[in-house]
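Heads up, target.cif below (mmCIF, C-alpha atoms):
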data_structure
loop_
_atom_site.group_PDB
_atom_site.id
_atom_site.type_symbol
_atom_site.label_atom_id
_atom_site.label_comp_id
_atom_site.auth_asym_id
_atom_site.auth_seq_id
_atom_site.Cartn_x
_atom_site.Cartn_y
_atom_site.Cartn_z
ATOM 1 C CA MET A 1 0.000 0.000 0.000
ATOM 2 C CA ASP A 2 1.524 3.317 -0.930
ATOM 3 C CA THR A 3 1.821 6.320 1.369
ATOM 4 C CA MET A 4 -0.983 8.293 -0.302
ATOM 5 C CA LYS A 5 -3.505 5.456 0.181
ATOM 6 C CA ARG A 6 -2.541 5.099 3.856
ATOM 7 C CA TYR A 7 -2.863 8.824 4.358
ATOM 8 C CA THR A 8 -6.285 8.877 2.669
ATOM 9 C CA ILE A 9 -7.538 5.965 4.790
ATOM 10 C CA ALA A 10 -6.266 7.642 7.967
ATOM 11 C CA VAL A 11 -8.012 10.918 7.077
ATOM 12 C CA VAL A 12 -11.281 9.111 6.319
ATOM 13 C CA LEU A 13 -11.149 7.244 9.653
ATOM 14 C CA VAL A 14 -10.487 10.475 11.561
ATOM 15 C CA LEU A 15 -13.434 12.149 9.831
ATOM 16 C CA ILE A 16 -15.751 9.233 10.614
ATOM 17 C CA VAL A 17 -14.771 9.211 14.293
ATOM 18 C CA SER A 18 -15.054 12.998 14.636
ATOM 19 C CA ALA A 19 -18.449 13.039 12.894
ATOM 20 C CA CYS A 20 -20.010 10.938 15.629
ATOM 21 C CA GLY A 21 -22.260 12.976 17.932
ATOM 22 C CA LYS A 22 -20.952 14.189 21.238
ATOM 23 C CA THR A 23 -22.118 12.198 24.210
ATOM 24 C CA PRO A 24 -23.965 14.238 26.840
ATOM 25 C CA ILE A 25 -21.439 15.533 29.362
ATOM 26 C CA ASN A 26 -24.214 16.194 31.899
ATOM 27 C CA GLY A 27 -25.717 12.713 31.799
ATOM 28 C CA ASP A 28 -29.494 12.711 32.292
ATOM 29 C CA LEU A 29 -29.538 16.499 32.752
ATOM 30 C CA ASP A 30 -28.884 17.139 29.049
ATOM 31 C CA GLY A 31 -32.065 17.608 27.030
ATOM 32 C CA ARG A 32 -35.261 19.635 27.038
ATOM 33 C CA TRP A 33 -37.163 19.922 30.317
ATOM 34 C CA GLN A 34 -40.691 21.241 30.802
ATOM 35 C CA ILE A 35 -41.472 22.949 34.107
ATOM 36 C CA MET A 36 -44.489 21.186 35.568
ATOM 37 C CA LYS A 37 -44.711 23.004 38.903
ATOM 38 C CA ILE A 38 -43.003 25.791 40.818
ATOM 39 C CA GLU A 39 -43.380 25.849 44.608
ATOM 40 C CA TYR A 40 -42.194 29.149 46.058
ATOM 41 C CA THR A 41 -40.738 29.414 49.562
ATOM 42 C CA SER A 42 -43.748 31.621 50.381
ATOM 43 C CA GLY A 43 -45.947 28.526 49.997
ATOM 44 C CA GLU A 44 -47.529 29.598 46.719
ATOM 45 C CA GLU A 45 -47.570 27.196 43.783
ATOM 46 C CA GLU A 46 -47.641 27.859 40.066
ATOM 47 C CA THR A 47 -48.032 25.694 36.968
ATOM 48 C CA PRO A 48 -46.413 27.601 34.105
ATOM 49 C CA GLU A 49 -47.531 27.090 30.523
ATOM 50 C CA ARG A 50 -44.895 26.133 27.989
ATOM 51 C CA ALA A 51 -41.831 27.016 30.065
ATOM 52 C CA TYR A 52 -38.798 24.936 29.167
ATOM 53 C CA TYR A 53 -35.153 24.616 30.116
ATOM 54 C CA SER A 54 -32.956 23.193 27.378
ATOM 55 C CA VAL A 55 -29.561 21.933 28.571
ATOM 56 C CA ALA A 56 -26.569 20.937 26.448
ATOM 57 C CA LEU A 57 -22.867 20.982 27.247
ATOM 58 C CA HIS A 58 -22.299 24.142 29.359
ATOM 59 C CA THR A 59 -25.266 26.136 28.070
ATOM 60 C CA ILE A 60 -28.860 26.519 29.125
ATOM 61 C CA ASN A 61 -31.664 28.018 27.065
ATOM 62 C CA LEU A 62 -34.921 29.232 28.594
ATOM 63 C CA MET A 63 -37.512 28.744 25.877
ATOM 64 C CA GLN A 64 -40.010 31.575 26.557
ATOM 65 C CA VAL A 65 -37.293 34.120 27.261
ATOM 66 C CA GLY A 66 -35.235 33.094 24.280
ATOM 67 C CA GLY A 67 -32.157 33.789 26.346
ATOM 68 C CA THR A 68 -29.131 31.574 26.463
ATOM 69 C CA GLY A 69 -26.920 31.405 29.475
ATOM 70 C CA ASN A 70 -24.069 29.458 30.944
ATOM 71 C CA MET A 71 -24.363 26.725 33.491
ATOM 72 C CA GLU A 72 -22.179 24.528 35.596
ATOM 73 C CA TYR A 73 -23.439 21.139 36.759
ATOM 74 C CA THR A 74 -21.580 19.295 39.504
ATOM 75 C CA GLY A 75 -23.938 16.389 40.172
ATOM 76 C CA ASP A 76 -25.633 17.796 43.274
ATOM 77 C CA SER A 77 -25.914 21.423 42.178
ATOM 78 C CA LEU A 78 -26.593 23.495 39.108
ATOM 79 C CA PHE A 79 -25.321 27.068 38.823
ATOM 80 C CA VAL A 80 -27.013 29.152 36.085
ATOM 81 C CA VAL A 81 -25.888 32.549 34.784
ATOM 82 C CA MET A 82 -28.228 34.421 32.405
ATOM 83 C CA PRO A 83 -26.198 37.562 31.634
ATOM 84 C CA ILE A 84 -28.481 39.274 29.090
ATOM 85 C CA SER A 85 -31.812 38.505 30.759
ATOM 86 C CA THR A 86 -33.787 40.599 33.207
ATOM 87 C CA VAL A 87 -35.081 39.350 36.536
ATOM 88 C CA GLU A 88 -38.652 39.983 35.336
ATOM 89 C CA ASP A 89 -38.069 37.647 32.369
ATOM 90 C CA LEU A 90 -36.637 34.943 34.635
ATOM 91 C CA LEU A 91 -39.382 34.886 37.293
ATOM 92 C CA PRO A 92 -41.653 32.531 35.256
ATOM 93 C CA PHE A 93 -38.735 30.070 35.260
ATOM 94 C CA GLY A 94 -38.428 29.955 39.045
ATOM 95 C CA MET A 95 -35.386 32.227 39.096
ATOM 96 C CA ASN A 96 -35.235 35.491 41.071
ATOM 97 C CA GLY A 97 -31.899 36.686 39.689
ATOM 98 C CA THR A 98 -29.632 36.488 36.670
ATOM 99 C CA GLU A 99 -27.408 34.144 38.683
ATOM 100 C CA GLN A 100 -29.107 31.221 40.407
ATOM 101 C CA ARG A 101 -27.770 28.211 42.294
ATOM 102 C CA PHE A 102 -30.021 25.154 42.466
ATOM 103 C CA GLY A 103 -29.634 21.991 44.463
ATOM 104 C CA VAL A 104 -30.369 18.947 42.310
ATOM 105 C CA LYS A 105 -32.815 17.042 44.518
ATOM 106 C CA GLU A 106 -33.808 14.398 41.965
ATOM 107 C CA LEU A 107 -32.594 13.561 38.478
ATOM 108 C CA THR A 108 -33.634 10.634 36.318
ATOM 109 C CA SER A 109 -33.964 10.281 32.579
ATOM 110 C CA LYS A 110 -37.586 11.565 32.846
ATOM 111 C CA HIS A 111 -37.866 13.630 36.048
ATOM 112 C CA LEU A 112 -35.911 16.554 37.542
ATOM 113 C CA VAL A 113 -36.361 18.483 40.786
ATOM 114 C CA LEU A 114 -34.327 21.632 41.454
ATOM 115 C CA GLN A 115 -34.351 23.579 44.731
ATOM 116 C CA SER A 116 -33.094 27.112 45.339
ATOM 117 C CA ASP A 117 -33.562 29.516 48.208
ATOM 118 C CA TYR A 118 -36.393 31.019 46.137
ATOM 119 C CA ALA A 119 -38.352 28.046 44.738
ATOM 120 C CA ARG A 120 -38.584 24.320 44.132
ATOM 121 C CA LEU A 121 -39.041 23.380 40.458
ATOM 122 C CA GLU A 122 -40.366 20.079 39.137
ATOM 123 C CA PHE A 123 -39.701 19.123 35.515
ATOM 124 C CA ARG A 124 -40.467 16.344 33.096
ATOM 125 C CA LYS A 125 -38.236 15.537 30.144
ATOM 126 C CA PHE A 126 -39.968 16.679 27.012
#
Please go through the file and, once you have read it, give me the structure as structure tokens.
Amino acid sequence: MDTMKRYTIAVVLVLIVSACGKTPINGDLDGRWQIMKIEYTSGEEETPERAYYSVALHTINLMQVGGTGNMEYTGDSLFVVMPISTVEDLLPFGMNGTEQRFGVKELTSKHLVLQSDYARLEFRKF
């Protein structure tokens, strides 16, 4: 086999391997989540309509707001930063600031519960 053929085969193999989709780095957290219920620390409850969190890699997208932010997931907590959003836009998503730390109380492939000092959010994977 000549050098050019070997080089061509190597390039093709590298392209095939790199074309494979990235595996979710956040495990079950990656995906689109619909907020089913928000329980505020005041005791009030809310069932938002069509409010979604979409998580992939180190980004989070809040579907009604249309804003994209950064997030860090450590297994038992989720830290979200929404730099170009306003607090008023984030309230329907159970967030009372542009930076929010949540405790991850439950996470399965279909169900997610986040808890902050402001609210408890229950999600289903959509």
(message) Here's the selection I'm unsure about, the PyMOL selection byres ((chain A and resi 35-40) around 12); applied to the file above, which residues does it give, as number ranges by chain?
(response) A: 32-34, 41-54, 62-64, 91-96, 111-126
(request) Between A:Asn26, A:Ser109, A:Ser85, A:Gln100, single out the one closest to Thr68 of chain A, counting only C-alpha atoms. (result)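 Using only C-alpha atoms, Thr68 of chain A sits closest to A:Ser85.
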(request) Please indicate the distance in Å from atom CA of Thr98 of chain A to atom CA of Ile84 of chain A, rounded to one decimal place. (result)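 Between atom CA of Thr98 of chain A and atom CA of Ile84 of chain A the gap is 8.2 Å.
Atom CA of Thr108 of chain A lies 28.8 Å from atom CA of Val87 of chain A.
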(request) Go through the shown structure with the PyMOL selection byres ((chain A and resi 103) around 6) and write out the matching residues as a list in words. (result) Asp76, Ser77, Phe102, Val104, Lys105, Leu114 and Gln115 of chain A
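Put simply, atom CA of Lys110 of chain A is 26.1 Å away from atom CA of Asp89 of chain A.
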(request) Could you tell me which of A:Gly31, A:Pro83, A:Gly67, A:Asn61 comes closest to Gly97 of chain A if we count all atoms listed in the file? (result)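 Nearest candidate to Gly97 of chain A out of A:Gly31, A:Pro83, A:Gly67, A:Asn61: A:Pro83.
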(message) When you count only C-alpha atoms, which of these residues is closest to Asp28 of chain A: A:Glu88, A:Arg101, A:Ile60, A:Gly75?
(response)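 Under the stated criterion, the closest residue is A:Gly75.
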(request) List the residues selected by the PyMOL selection byres ((chain A and resi 57) around 9) in the file shown, writing them as number ranges by chain. (result) A: 24-26, 30, 55-56, 58-60, 71
Could you model all heavy atoms for segment 29-40 of chain A and present them as a PDB file, keeping the file's coordinate frame?
ATOM      1  N   LEU A  29     -29.130  15.091  32.736  1.00  0.00           N
ATOM      2  CA  LEU A  29     -29.538  16.499  32.752  1.00  0.00           C
ATOM      3  C   LEU A  29     -29.654  17.080  31.342  1.00  0.00           C
ATOM      4  O   LEU A  29     -30.482  17.948  31.090  1.00  0.00           O
ATOM      5  CB  LEU A  29     -28.565  17.333  33.582  1.00  0.00           C
ATOM      6  CG  LEU A  29     -28.916  18.810  33.744  1.00  0.00           C
ATOM      7  CD1 LEU A  29     -30.236  18.975  34.503  1.00  0.00           C
ATOM      8  CD2 LEU A  29     -27.798  19.548  34.449  1.00  0.00           C
ATOM      9  N   ASP A  30     -28.831  16.614  30.418  1.00  0.00           N
ATOM     10  CA  ASP A  30     -28.884  17.139  29.049  1.00  0.00           C
ATOM     11  C   ASP A  30     -30.227  16.813  28.405  1.00  0.00           C
ATOM     12  O   ASP A  30     -30.748  15.715  28.558  1.00  0.00           O
ATOM     13  CB  ASP A  30     -27.762  16.552  28.191  1.00  0.00           C
ATOM     14  CG  ASP A  30     -26.438  17.272  28.395  1.00  0.00           C
ATOM     15  OD1 ASP A  30     -26.413  18.302  29.089  1.00  0.00           O
ATOM     16  OD2 ASP A  30     -25.426  16.797  27.854  1.00  0.00           O
ATOM     17  N   GLY A  31     -30.794  17.795  27.715  1.00  0.00           N
ATOM     18  CA  GLY A  31     -32.065  17.608  27.030  1.00  0.00           C
ATOM     19  C   GLY A  31     -32.995  18.782  27.271  1.00  0.00           C
ATOM     20  O   GLY A  31     -32.605  19.828  27.785  1.00  0.00           O
ATOM     21  N   ARG A  32     -34.242  18.588  26.897  1.00  0.00           N
ATOM     22  CA  ARG A  32     -35.261  19.635  27.038  1.00  0.00           C
ATOM     23  C   ARG A  32     -36.214  19.255  28.162  1.00  0.00           C
ATOM     24  O   ARG A  32     -36.838  18.197  28.128  1.00  0.00           O
ATOM     25  CB  ARG A  32     -36.014  19.781  25.720  1.00  0.00           C
ATOM     26  CG  ARG A  32     -36.941  20.952  25.694  1.00  0.00           C
ATOM     27  CD  ARG A  32     -37.475  21.160  24.301  1.00  0.00           C
ATOM     28  NE  ARG A  32     -38.351  22.304  24.272  1.00  0.00           N
ATOM     29  CZ  ARG A  32     -39.085  22.632  23.244  1.00  0.00           C
ATOM     30  NH1 ARG A  32     -39.047  21.912  22.150  1.00  0.00           N
ATOM     31  NH2 ARG A  32     -39.868  23.685  23.284  1.00  0.00           N
ATOM     32  N   TRP A  33     -36.351  20.150  29.123  1.00  0.00           N
ATOM     33  CA  TRP A  33     -37.163  19.922  30.317  1.00  0.00           C
ATOM     34  C   TRP A  33     -38.316  20.909  30.377  1.00  0.00           C
ATOM     35  O   TRP A  33     -38.115  22.107  30.228  1.00  0.00           O
ATOM     36  CB  TRP A  33     -36.296  20.085  31.565  1.00  0.00           C
ATOM     37  CG  TRP A  33     -35.221  19.070  31.696  1.00  0.00           C
ATOM     38  CD1 TRP A  33     -33.931  19.167  31.255  1.00  0.00           C
ATOM     39  CD2 TRP A  33     -35.338  17.783  32.290  1.00  0.00           C
ATOM     40  NE1 TRP A  33     -33.244  18.025  31.552  1.00  0.00           N
ATOM     41  CE2 TRP A  33     -34.089  17.154  32.185  1.00  0.00           C
ATOM     42  CE3 TRP A  33     -36.387  17.092  32.907  1.00  0.00           C
ATOM     43  CZ2 TRP A  33     -33.854  15.878  32.670  1.00  0.00           C
ATOM     44  CZ3 TRP A  33     -36.152  15.821  33.383  1.00  0.00           C
ATOM     45  CH2 TRP A  33     -34.903  15.225  33.270  1.00  0.00           C
ATOM     46  N   GLN A  34     -39.510  20.397  30.635  1.00  0.00           N
ATOM     47  CA  GLN A  34     -40.691  21.241  30.802  1.00  0.00           C
ATOM     48  C   GLN A  34     -40.957  21.429  32.290  1.00  0.00           C
ATOM     49  O   GLN A  34     -41.012  20.455  33.044  1.00  0.00           O
ATOM     50  CB  GLN A  34     -41.913  20.610  30.146  1.00  0.00           C
ATOM     51  CG  GLN A  34     -43.161  21.456  30.287  1.00  0.00           C
ATOM     52  CD  GLN A  34     -44.387  20.806  29.668  1.00  0.00           C
ATOM     53  OE1 GLN A  34     -44.383  19.617  29.362  1.00  0.00           O
ATOM     54  NE2 GLN A  34     -45.436  21.584  29.485  1.00  0.00           N
ATOM     55  N   ILE A  35     -41.133  22.684  32.700  1.00  0.00           N
ATOM     56  CA  ILE A  35     -41.472  22.949  34.107  1.00  0.00           C
ATOM     57  C   ILE A  35     -42.922  22.550  34.328  1.00  0.00           C
ATOM     58  O   ILE A  35     -43.827  23.059  33.671  1.00  0.00           O
ATOM     59  CB  ILE A  35     -41.279  24.435  34.475  1.00  0.00           C
ATOM     60  CG1 ILE A  35     -39.849  24.877  34.217  1.00  0.00           C
ATOM     61  CG2 ILE A  35     -41.668  24.669  35.935  1.00  0.00           C
ATOM     62  CD1 ILE A  35     -39.613  26.362  34.450  1.00  0.00           C
ATOM     63  N   MET A  36     -43.140  21.640  35.252  1.00  0.00           N
ATOM     64  CA  MET A  36     -44.489  21.186  35.568  1.00  0.00           C
ATOM     65  C   MET A  36     -45.074  21.946  36.753  1.00  0.00           C
ATOM     66  O   MET A  36     -46.271  22.190  36.805  1.00  0.00           O
ATOM     67  CB  MET A  36     -44.478  19.678  35.871  1.00  0.00           C
ATOM     68  CG  MET A  36     -43.950  18.836  34.723  1.00  0.00           C
ATOM     69  SD  MET A  36     -44.807  19.106  33.154  1.00  0.00           S
ATOM     70  CE  MET A  36     -46.415  18.442  33.536  1.00  0.00           C
ATOM     71  N   LYS A  37     -44.214  22.311  37.720  1.00  0.00           N
ATOM     72  CA  LYS A  37     -44.711  23.004  38.903  1.00  0.00           C
ATOM     73  C   LYS A  37     -43.574  23.792  39.545  1.00  0.00           C
ATOM     74  O   LYS A  37     -42.442  23.338  39.583  1.00  0.00           O
ATOM     75  CB  LYS A  37     -45.270  21.996  39.907  1.00  0.00           C
ATOM     76  CG  LYS A  37     -45.826  22.628  41.174  1.00  0.00           C
ATOM     77  CD  LYS A  37     -46.638  21.691  42.037  1.00  0.00           C
ATOM     78  CE  LYS A  37     -45.837  20.581  42.628  1.00  0.00           C
ATOM     79  NZ  LYS A  37     -46.571  19.815  43.657  1.00  0.00           N
ATOM     80  N   ILE A  38     -43.926  24.979  40.030  1.00  0.00           N
ATOM     81  CA  ILE A  38     -43.003  25.791  40.818  1.00  0.00           C
ATOM     82  C   ILE A  38     -43.648  25.996  42.186  1.00  0.00           C
ATOM     83  O   ILE A  38     -44.775  26.470  42.276  1.00  0.00           O
ATOM     84  CB  ILE A  38     -42.728  27.165  40.165  1.00  0.00           C
ATOM     85  CG1 ILE A  38     -42.133  26.992  38.778  1.00  0.00           C
ATOM     86  CG2 ILE A  38     -41.806  27.993  41.053  1.00  0.00           C
ATOM     87  CD1 ILE A  38     -41.973  28.293  38.000  1.00  0.00           C
ATOM     88  N   GLU A  39     -42.937  25.616  43.235  1.00  0.00           N
ATOM     89  CA  GLU A  39     -43.380  25.849  44.608  1.00  0.00           C
ATOM     90  C   GLU A  39     -42.447  26.898  45.203  1.00  0.00           C
ATOM     91  O   GLU A  39     -41.260  26.656  45.375  1.00  0.00           O
ATOM     92  CB  GLU A  39     -43.283  24.566  45.434  1.00  0.00           C
ATOM     93  CG  GLU A  39     -44.174  23.448  44.965  1.00  0.00           C
ATOM     94  CD  GLU A  39     -43.939  22.167  45.758  1.00  0.00           C
ATOM     95  OE1 GLU A  39     -43.370  22.227  46.875  1.00  0.00           O
ATOM     96  OE2 GLU A  39     -44.305  21.105  45.249  1.00  0.00           O
ATOM     97  N   TYR A  40     -42.995  28.065  45.504  1.00  0.00           N
ATOM     98  CA  TYR A  40     -42.194  29.149  46.058  1.00  0.00           C
ATOM     99  C   TYR A  40     -42.019  28.966  47.554  1.00  0.00           C
ATOM    100  O   TYR A  40     -42.851  28.324  48.212  1.00  0.00           O
ATOM    101  CB  TYR A  40     -42.850  30.500  45.752  1.00  0.00           C
ATOM    102  CG  TYR A  40     -42.944  30.759  44.272  1.00  0.00           C
ATOM    103  CD1 TYR A  40     -44.125  30.508  43.576  1.00  0.00           C
ATOM    104  CD2 TYR A  40     -41.840  31.219  43.558  1.00  0.00           C
ATOM    105  CE1 TYR A  40     -44.212  30.714  42.208  1.00  0.00           C
ATOM    106  CE2 TYR A  40     -41.920  31.433  42.191  1.00  0.00           C
ATOM    107  CZ  TYR A  40     -43.108  31.173  41.530  1.00  0.00           C
ATOM    108  OH  TYR A  40     -43.184  31.378  40.178  1.00  0.00           O
TER     109      TYR A  40
END
